[in-house]
Every structure is written in structure tokens, then in C-alpha cells.
file data-v8.txt (compact mmCIF, C-alpha atoms)
# COMPACT_ATOMS: atom_id res chain seq x y z
CA PHE E 883 0.00 0.00 0.00
CA ALA E 884 2.89 2.36 0.67
CA GLN E 885 4.07 1.76 -2.90
CA ALA E 886 0.61 2.63 -4.22
CA LEU E 887 0.66 5.88 -2.25
CA ASP E 888 4.12 6.72 -3.59
CA ARG E 889 2.85 6.34 -7.15
CA CYS E 890 0.10 8.91 -6.61
CA GLY E 891 1.76 11.91 -8.19
CA PRO E 892 0.39 15.42 -8.76
CA ALA E 893 -2.09 14.27 -11.42
CA ALA E 894 -3.37 11.22 -9.57
CA ALA E 895 -6.53 12.86 -8.15
CA MET E 896 -8.78 10.29 -6.47
CA SER E 897 -7.30 7.36 -8.38
CA GLY E 898 -8.44 3.77 -7.97
CA GLU E 899 -5.33 3.00 -5.93
CA VAL E 900 -5.99 5.87 -3.52
CA LEU E 901 -9.65 4.88 -3.11
CA ALA E 902 -8.57 1.27 -2.52
CA LEU E 903 -6.27 2.50 0.27
CA VAL E 904 -9.06 4.57 1.80
CA ASN E 905 -11.51 1.67 1.61
CA TYR E 906 -8.97 -0.76 3.07
CA TYR E 907 -8.22 1.41 6.08
CA ALA E 908 -11.89 2.28 6.61
CA ARG E 909 -12.85 -1.43 6.47
CA THR E 910 -10.22 -2.32 9.03
CA GLY E 911 -11.01 0.60 11.35
CA TYR E 912 -7.75 2.51 10.85
CA TYR E 913 -9.43 5.89 10.54
CA ARG E 914 -6.30 7.89 11.31
CA HIS E 915 -4.69 6.13 8.34
CA VAL E 916 -7.63 7.25 6.16
CA GLN E 917 -6.80 10.85 7.09
CA THR E 918 -3.07 10.31 6.53
CA VAL E 919 -3.60 8.91 3.03
CA CYS E 920 -5.82 11.85 2.08
CA ASN E 921 -3.41 14.39 3.57
CA GLU E 922 -0.39 12.86 1.81
CA VAL E 923 -2.06 12.82 -1.60
CA LEU E 924 -3.36 16.37 -1.13
CA LYS E 925 0.19 17.42 -0.29
CA LYS E 926 1.56 15.71 -3.41
CA ARG E 927 -1.06 17.38 -5.59
CA GLY E 928 -0.21 20.85 -4.31
CA GLY E 929 -3.89 21.79 -4.40
CA THR E 930 -7.29 20.76 -3.11
CA ASP E 931 -9.16 17.69 -4.32
CA PHE E 932 -12.51 17.85 -2.57
CA THR E 933 -13.09 14.12 -3.00
CA LEU E 934 -10.05 13.60 -0.77
CA VAL E 935 -11.37 16.20 1.69
CA PHE E 936 -14.66 14.28 1.72
CA TRP E 937 -12.96 10.99 2.63
CA ARG E 938 -10.71 12.70 5.17
CA ALA E 939 -13.91 13.85 6.88
CA LEU E 940 -15.01 10.21 7.21
CA GLY E 941 -11.79 9.45 9.09
CA MET E 942 -12.45 12.40 11.40
CA LEU E 943 -16.08 11.40 11.96
CA ARG E 944 -15.28 7.78 12.78
CA GLU E 945 -12.57 8.88 15.22
CA GLY E 946 -15.10 11.04 17.05
CA SER E 947 -14.00 14.46 15.76
CA VAL E 948 -17.58 15.30 14.84
CA SER E 949 -17.21 19.11 14.72
CA ASP E 950 -14.18 18.88 12.41
CA ALA E 951 -16.01 16.42 10.16
CA ILE E 952 -19.02 18.74 9.93
CA LYS E 953 -16.75 21.61 8.85
CA GLU E 954 -15.14 19.42 6.18
CA TYR E 955 -18.47 18.18 4.83
CA GLU E 956 -19.83 21.75 4.76
CA THR E 957 -16.75 22.87 2.83
CA VAL E 958 -17.20 20.05 0.30
CA HIS E 959 -20.91 20.73 -0.14
CA SER E 960 -20.36 24.48 -0.56
CA ARG E 961 -18.31 23.82 -3.70
CA GLY E 962 -21.49 22.92 -5.57
CA ASP E 963 -19.97 19.80 -7.15
CA MET E 964 -22.87 17.54 -8.21
CA GLN E 965 -20.63 14.48 -7.83
CA LEU E 966 -20.22 15.21 -4.12
CA ALA E 967 -23.44 17.01 -3.17
CA LEU E 968 -25.40 13.91 -2.11
CA PRO E 969 -22.57 12.10 -0.27
CA ALA E 970 -21.53 15.32 1.51
CA LYS E 971 -25.11 15.90 2.63
CA ILE E 972 -25.33 12.32 3.92
CA GLY E 973 -22.06 12.87 5.77
CA LEU E 974 -23.48 16.00 7.36
CA LEU E 975 -26.65 14.16 8.36
CA TYR E 976 -24.76 11.34 10.08
CA ALA E 977 -22.32 13.76 11.71
CA HIS E 978 -25.19 15.77 13.24
CA GLN E 979 -26.86 12.55 14.40
CA MET E 980 -23.61 11.50 16.08
CA SER E 981 -23.13 14.87 17.79
CA LYS E 982 -23.40 14.84 21.59
CA MET E 983 -25.75 17.84 21.37
CA SER E 984 -27.76 16.71 18.36
CA ASP E 985 -30.01 19.42 16.90
CA GLN E 986 -33.16 17.55 15.90
CA GLU E 987 -34.41 20.40 13.70
CA GLU E 988 -31.12 20.36 11.80
CA VAL E 989 -31.29 16.57 11.48
CA MET E 990 -34.82 16.77 10.06
CA ARG E 991 -33.78 19.51 7.64
CA LEU E 992 -30.83 17.43 6.44
CA GLN E 993 -33.02 14.35 6.02
CA GLN E 994 -35.31 16.35 3.73
CA GLU E 995 -32.35 17.75 1.79
CA VAL E 996 -30.89 14.27 1.32
CA SER E 997 -34.21 13.18 -0.20
CA VAL E 998 -34.06 16.11 -2.62
CA GLU E 999 -30.42 15.44 -3.51
CA GLU E 1000 -31.22 11.79 -4.25
CA GLY E 1001 -33.50 12.85 -7.07
CA ASN E 1002 -30.83 15.01 -8.71
CA ALA E 1003 -27.70 12.99 -8.01
CA PRO E 1004 -25.65 11.61 -10.92
CA ASP E 1005 -24.50 7.99 -10.83
CA ARG E 1006 -21.03 8.77 -9.50
CA ALA E 1007 -22.55 10.69 -6.58
CA LYS E 1008 -24.76 7.71 -5.72
CA LEU E 1009 -21.73 5.42 -5.81
CA GLN E 1010 -19.81 7.73 -3.45
CA ALA E 1011 -22.89 7.86 -1.20
CA ALA E 1012 -23.09 4.06 -1.17
CA LEU E 1013 -19.40 3.77 -0.23
CA LEU E 1014 -19.87 6.28 2.58
CA LEU E 1015 -22.95 4.50 3.92
CA TRP E 1016 -21.09 1.18 3.87
CA HIS E 1017 -18.30 2.66 6.00
CA LEU E 1018 -20.87 4.28 8.31
CA GLY E 1019 -22.33 0.85 9.06
CA GLU E 1020 -25.42 1.14 6.84
CA PRO E 1021 -24.95 -1.74 4.36
CA ALA E 1022 -28.65 -2.14 3.55
CA THR E 1023 -29.01 1.50 2.47
CA ALA E 1024 -25.71 1.30 0.59
CA LYS E 1025 -26.94 -1.79 -1.24
CA GLY E 1026 -30.09 0.04 -2.30
CA TYR E 1027 -28.01 2.71 -4.06
CA VAL E 1028 -25.80 0.08 -5.70
CA GLN E 1029 -28.77 -1.89 -7.01
CA GLN E 1030 -30.19 1.31 -8.53
CA LEU E 1031 -26.90 1.89 -10.33
CA LEU E 1032 -26.69 -1.69 -11.60
CA GLN E 1033 -30.19 -1.50 -13.05
CA LEU E 1034 -28.92 1.29 -15.32
CA GLN E 1035 -25.33 0.04 -15.77
CA PRO E 1036 -25.18 -3.74 -15.22
CA GLN E 1037 -21.46 -3.83 -16.13
CA SER E 1038 -20.36 -1.00 -13.82
CA VAL E 1039 -17.12 -2.27 -12.27
CA PRO E 1040 -17.19 0.01 -9.18
CA ALA E 1041 -20.85 -0.82 -8.48
CA LEU E 1042 -20.31 -4.57 -8.93
CA THR E 1043 -17.22 -4.44 -6.73
CA LEU E 1044 -19.03 -2.64 -3.93
CA LEU E 1045 -21.96 -5.06 -4.21
CA GLY E 1046 -19.47 -7.92 -3.83
CA TRP E 1047 -18.10 -6.38 -0.63
CA LEU E 1048 -21.61 -5.84 0.71
CA GLU E 1049 -22.54 -9.45 -0.05
CA LEU E 1050 -19.31 -10.64 1.57
CA GLY E 1051 -20.28 -8.62 4.64
CA GLU E 1052 -23.67 -10.36 4.70
CA ALA E 1053 -21.91 -13.72 4.56
CA ALA E 1054 -19.53 -12.73 7.35
CA ASP E 1055 -22.47 -11.75 9.55
CA ASP E 1056 -23.62 -15.36 9.36
CA ASP E 1057 -21.64 -17.37 11.94
CA SER E 1058 -21.40 -20.36 9.62
CA LEU E 1059 -20.23 -18.34 6.57
CA ASP E 1060 -23.22 -19.51 4.54
CA ASP E 1061 -22.02 -21.14 1.29
CA HIS E 1062 -24.81 -19.56 -0.74
CA LEU E 1063 -23.94 -16.05 0.44
CA MET E 1064 -20.23 -16.64 -0.12
CA GLY E 1065 -20.92 -18.01 -3.60
CA ARG E 1066 -23.03 -14.97 -4.45
CA ALA E 1067 -20.24 -12.61 -3.36
CA GLU E 1068 -17.67 -14.57 -5.36
CA SER E 1069 -19.88 -14.47 -8.45
CA THR E 1070 -20.25 -10.70 -8.12
CA PHE E 1071 -16.50 -10.14 -7.76
CA ASN E 1072 -15.95 -12.35 -10.82
CA LYS E 1073 -18.43 -10.27 -12.83
CA ALA E 1074 -16.61 -7.11 -11.78
CA LEU E 1075 -13.24 -8.51 -12.89
CA GLU E 1076 -14.68 -9.81 -16.17
CA ALA E 1077 -16.08 -6.34 -16.87
CA CYS E 1078 -12.65 -4.74 -16.37
CA SER E 1079 -10.53 -3.62 -19.27
CA ALA E 1080 -6.87 -4.65 -19.41
CA LYS E 1081 -6.14 -3.47 -15.86
CA LYS E 1082 -7.90 -5.46 -13.15
CA ASP E 1083 -9.79 -3.53 -10.48
CA LEU E 1084 -7.75 -3.53 -7.27
CA GLU E 1085 -10.80 -3.43 -4.99
CA ALA E 1086 -12.34 -6.44 -6.76
CA LEU E 1087 -9.08 -8.40 -6.49
CA MET E 1088 -8.86 -7.54 -2.79
CA GLY E 1089 -12.47 -8.61 -2.34
CA ARG E 1090 -11.85 -11.97 -3.94
CA ALA E 1091 -8.70 -12.38 -1.84
CA ARG E 1092 -10.66 -11.60 1.33
CA LEU E 1093 -13.25 -14.17 0.29
CA HIS E 1094 -10.60 -16.89 -0.10
CA GLN E 1095 -9.10 -15.86 3.25
CA ALA E 1096 -12.50 -16.23 4.92
CA LYS E 1097 -12.68 -19.76 3.50
CA GLU E 1098 -9.13 -20.40 4.78
CA GLN E 1099 -7.85 -20.78 1.22
CA HIS E 1100 -4.67 -18.87 1.94
CA LYS E 1101 -2.71 -19.76 -1.22
CA GLU E 1102 -5.61 -18.62 -3.40
CA ALA E 1103 -5.87 -15.39 -1.40
CA LEU E 1104 -2.19 -14.63 -2.01
CA ASP E 1105 -2.57 -15.43 -5.71
CA GLN E 1106 -5.27 -12.77 -6.00
CA LEU E 1107 -3.11 -10.13 -4.33
CA ASN E 1108 -0.17 -10.94 -6.59
CA GLN E 1109 -2.08 -10.32 -9.83

call {"tool": "encode", "arguments": {"input": "data-v8.txt", "output": "C-alpha cells"}}
result
Amino acid sequence: FAQALDRCGPAAAMSGEVLALVNYYARTGYYRHVQTVCNEVLKKRGGTDFTLVFWRALGMLREGSVSDAIKEYETVHSRGDMQLALPAKIGLLYAHQMSKMSDQEEVMRLQQEVSVEEGNAPDRAKLQAALLLWHLGEPATAKGYVQQLLQLQPQSVPALTLLGWLELGEAADDDSLDDHLMGRAESTFNKALEACSAKKDLEALMGRARLHQAKEQHKEALDQLNQ
């Protein structure tokens, strides 16, 4: 992962490798690392990528720095970027709900605004929203967004990959690692990788590796990571 971060030069923006790092650290609960990745790439870029600011806010929120996260999400939303409007508004909603002195009027207002944003949001915004909801512990809501996207774009690699992770999470919630649920997740990851162009999607490869690891197929897991 350090090598992937080193390759993220000034033009990298929110590349697939950076997002894979963010997702990895968010999945494993290393929220300070999420912030570090975002800060390092922002420093390399010599400017401001508000997608990175958005994900940095998730790290802050999950570490309990609610006020700082609210400021970050407000900054992102104020930019008027349609790709980030819905996910930033969802971030604000959850941040206010997590606040020790939660303002119920503000929460209700944000809930209404999220509903409005949902109707106007482009596909990429819905994907970002689904990723955020997954990391906020709302897999069912995240899955709803992903299924909407796949109805319109059945071969969307990012949507298929996230669906695979959500299905893997469902399987992991079952104490016996239900074979049917595991098989469904594996099928979804395979579809994502088949839909890739020449370069395989890192998140899908990591998902398939995690699936083999869960089944204690350690050699197969390593093979996926070495692709």
C-alpha cells in the first residue's frame, strides 16, 4: 500500500489506488490512516481535491471528531460539485446525528435535503454515497443505491465491486459463513473482474482475496493479491 501511495503523483486525483487504500483502512477501522492517506495525496497534488477532503472527513467522523467532520463536509458541499453534493449531505446528516448535542431540527432539515439530492444525483454521486454508507455501518441503504446503479449500468465495475463487498459482509455476519452467500459474493467479484478492461480492479481483487481468506484458502488469497 505504501508503494501505491508513492505512485500517486500530482495528477493522480482520487485514483483507484488511492480509493482502494481509503476503503482498506476504513474497512479495518484505521481511521487515522484514512486521514493520513488523504493528507499525503493532497500534499503531493499541491492543491485541493474535494473528493479527498470528503474521505478525510469520514476518518475524522469515525474517530469522534464530529465538529471537524461537519466543517469538512460543509466545505465540500459548498463547492457545488454535483458528484459530491449527495454524499456530503449524507455525511453532514450522520455527523449531526452522532453529535453529543444533536439538533433535531437540523437533522430533520438534512433528512429532507438528502431526499431532494437523491432525485438530482448523478451515478457517481450515488456510488460515493453508497461507499460512505457502507463505511458508516449502513450496508442495507448502501446496497439500495448500488442496485439502482446496476439497473442502469449492469457492467459498472465500481458498483459490482461494492456489491461484492456488501454481499461478503452479509456472509460474514452469518456465523457459519453460509455457502450460498459466499458463492453470491464470489460471483459478483468475478463479474466485476470480467467487466474490467486490461487493468484489473484492485478493490475487486482484494475482495476476492478476502473471500478466499474467509474460506481459509490462503494460497488462493495470495494469488489474488499478486495479480

call {"tool": "atom_distance", "arguments": {"input": "data-v8.txt", "atom1": "atom CA of Gly941 of chain E", "atom2": "atom CA of Thr1070 of chain E"}}
result
27.8 Å

call {"tool": "atom_distance", "arguments": {"input": "data-v8.txt", "atom1": "atom CA of Gln1035 of chain E", "atom2": "atom CA of Leu1015 of chain E"}}
result
20.3 Å

call {"tool": "closest_atom_pairs", "arguments": {"input": "data-v8.txt", "of": "segment 959-1023 of chain E", "to": "segment 910-920 of chain E", "cutoff": "12 Å", "atoms": "all atoms listed in the file", "output": "CSV"}}
result
residue,atom,partner,partner_atom,distance
E:His1017,CA,E:Gly911,CA,9.3
E:Leu1018,CA,E:Gly911,CA,11.0
E:Gly1019,CA,E:Gly911,CA,11.6

call {"tool": "residues_around", "arguments": {"input": "data-v8.txt", "residues": "Pro1036 of chain E", "least_positions_apart": "4", "cutoff": "10 Å", "atoms": "only C-alpha atoms", "output": "MDAnalysis selection string"}}
result
chainID E and resid 1029:1032 1041:1042 1073:1074 1077

call {"tool": "atom_distance", "arguments": {"input": "data-v8.txt", "atom1": "atom CA of Leu974 of chain E", "atom2": "atom CA of Tyr955 of chain E"}}
result
6.0 Å
